[in-house]
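Here the structure is laid out as structure tokens; the discussion comes afterwards.
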Amino acid sequence: MNRRLVLPLVVFLVGALALIGAAILTFSPGPRTTSSGTASVGGPFTLTTQDGKPLSDTDLKGAPFLVFFGFTRCPDICPTKLFEISEVLRAAGDDAKAKNLKALFITVDPERDTPETMKNYLGSFDPRIIGLSGDRNAIDAVIKSYRAYAKKVPLKDGDYTMDHTALVYLMDGKGSFVGAFNIEQPPAQAAQEWLRHS
């Protein structure tokens, strides 16, 4: 192998291993509390729904819910994930337990994603998906509490897009983090996994 290729390859592999290690530490099974007794992923919040109403974490207690961060101008990842979540909700059926399931779509671009924008955007997906927005500080606090990532990326034309975590979080009926939800498994199987935490 060309010696000039060895060093970049080694640096890349070390970086990849560090990233995998960080993911394992963040999402590995085990106690989900810190010394203060608060969840290590997730936490209290109050944001605004697409209907302009306040929604807090306590309003969701009693049923497991999903959390996904994104934005309405996202070209592919967000609509794909929201479609997949809609398919899982459809597969869950409409009995009492399934009707209580909720998925939160929390914007990482609150400057553009007003409640009205969120409502128009989410009209194409299952009504159990709740769009949440708020001021920049409130959104940043939720992003931080979920250990998510979001960054504004300028575009050449003066506009911008958003880089963000594409993970779907599964929270149980008490609002505690269960793990990363495998949205790519068959919808019926994913629905059963979700309902197991009721």
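Ligands are numbered from 1 in the order shown, residues from 1 within each chain, and chains are lettered A, B, ... in the order they appear in the structure tokens.
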Find the spatial neighbours of A:Val168, counting only C-alpha atoms, within a cut-off of 6 Å - ignore same-chain residues fewer than 4 positions away - and output them as a short mmCIF file (atom, residue, chain, number, x, y, z; two decimals) with N, CA and C atoms, in the first residue's frame.
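Final output, part-v1.cif:
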data_model
loop_
_atom_site.label_atom_id
_atom_site.label_comp_id
_atom_site.auth_asym_id
_atom_site.auth_seq_id
_atom_site.Cartn_x
_atom_site.Cartn_y
_atom_site.Cartn_z
N VAL A 67 -39.24 10.10 19.55
CA VAL A 67 -38.76 11.46 19.35
C VAL A 67 -37.82 11.45 18.15
N PHE A 68 -38.07 12.38 17.22
CA PHE A 68 -37.21 12.52 16.06
C PHE A 68 -36.97 14.00 15.81
N ALA A 180 -32.35 3.45 20.95
CA ALA A 180 -32.58 3.87 19.58
C ALA A 180 -33.60 2.93 18.96
N PHE A 181 -34.63 3.50 18.35
CA PHE A 181 -35.71 2.69 17.78
C PHE A 181 -35.36 2.30 16.35
#
Tell me, as a list in words, which residues lie within 10 Å of stretch 48-52 of chain A, counting only C-alpha atoms; anything in the same chain fewer than 6 positions away does not count. Leu104, Phe105, Ile106, Asp113, Thr114, Pro115, Glu116, Thr117, Met118, Lys119, Asn120, Tyr121, Leu122, Ile130, Gly131, Leu132, Ser133, Gly134 and Asp135 of chain A
Return as a PyMOL selection string the full set of residues in stretch 45-81 of chain A whose backbone-based DSSP assignment is helix (DSSP H, G or I). chain A and resi 57-60+77-81
Could you write out that same residue set with N, CA, C and O atoms as a short mmCIF file (atom, residue, chain, number, x, y, z; two decimals), in the first residue's frame?
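Dumped everything to again04.cif:
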data_model
loop_
_atom_site.label_atom_id
_atom_site.label_comp_id
_atom_site.auth_asym_id
_atom_site.auth_seq_id
_atom_site.Cartn_x
_atom_site.Cartn_y
_atom_site.Cartn_z
N ASP A 57 -43.42 17.38 28.47
CA ASP A 57 -43.08 15.96 28.63
C ASP A 57 -44.08 15.26 29.54
O ASP A 57 -44.40 14.09 29.35
N THR A 58 -44.62 15.97 30.54
CA THR A 58 -45.58 15.34 31.47
C THR A 58 -46.89 14.99 30.76
O THR A 58 -47.59 14.06 31.19
N ASP A 59 -47.23 15.70 29.68
CA ASP A 59 -48.45 15.38 28.93
C ASP A 59 -48.35 14.03 28.23
O ASP A 59 -49.37 13.47 27.82
N LEU A 60 -47.15 13.53 28.08
CA LEU A 60 -46.92 12.28 27.34
C LEU A 60 -46.83 11.06 28.24
O LEU A 60 -46.74 9.94 27.75
N ILE A 77 -34.04 12.77 4.41
CA ILE A 77 -34.04 11.98 5.64
C ILE A 77 -35.34 12.15 6.42
O ILE A 77 -35.98 11.18 6.83
N CYS A 78 -35.75 13.40 6.63
CA CYS A 78 -36.93 13.66 7.47
C CYS A 78 -38.22 13.10 6.87
O CYS A 78 -38.95 12.38 7.56
N PRO A 79 -38.53 13.40 5.60
CA PRO A 79 -39.77 12.81 5.07
C PRO A 79 -39.74 11.29 5.05
O PRO A 79 -40.77 10.64 5.27
N THR A 80 -38.57 10.70 4.82
CA THR A 80 -38.47 9.24 4.83
C THR A 80 -38.75 8.69 6.21
O THR A 80 -39.54 7.74 6.37
N LYS A 81 -38.12 9.26 7.23
CA LYS A 81 -38.34 8.79 8.61
C LYS A 81 -39.80 8.97 9.03
O LYS A 81 -40.38 8.10 9.67
#
Can you list, as a ChimeraX atom specification, every protein, DNA or RNA residue that comes within 10 Å of A:Phe45 when you count only C-alpha atoms, leaving out same-chain residues fewer than 2 positions away? /A:42-43,47,55-58,138-139,141-142,145
Can you tell me, as a PyMOL selection string, which residues in stretch 43-162 of chain A count as strand (DSSP E or B) by DSSP? chain A and resi 46-49+54-56+65-70+102-107+129-133+150-154+160-162
Close residues, A:Ala191 itself excluded, 12 Å, only C-alpha atoms, min 5 positions apart in chain, as a VMD selection string: chain A and resid 64 to 66 84 to 94 97 to 98 101 to 102 170 181 to 186 196 to 198
Suppose you want the space between atom CA of A:Leu195 and atom CA of A:Val41; what is it in Å?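 Between these atoms lies a distance of 20.2 Å.
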I want to know what sits within 10 Å of stretch 151-156 of chain A, based on only C-alpha atoms, with residues of the same chain fewer than 6 positions away left out; could you give that as a list in words?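 The neighbour list is Val108, Asp109, Met162, Asp163, His164 and Thr165 of chain A.
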For the residues in the current selection, export C-alpha atoms as a PDB file, in the first residue's frame.
ATOM      1  CA  VAL A 108     -34.063  21.953  14.711  1.00  0.00           C
ATOM      2  CA  ASP A 109     -34.937  25.016  12.591  1.00  0.00           C
ATOM      3  CA  MET A 162     -29.458  21.942   8.813  1.00  0.00           C
ATOM      4  CA  ASP A 163     -27.200  19.060   9.764  1.00  0.00           C
ATOM      5  CA  HIS A 164     -28.896  16.965  12.467  1.00  0.00           C
ATOM      6  CA  THR A 165     -29.099  13.654  14.279  1.00  0.00           C
TER       7      THR A 165
END
Hey, which of A:Thr161, A:Phe177, A:Gly123, A:Arg128 ends up closest to A:Cys74? Count only C-alpha atoms.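 That would be A:Thr161, the residue with the smallest distance to A:Cys74.
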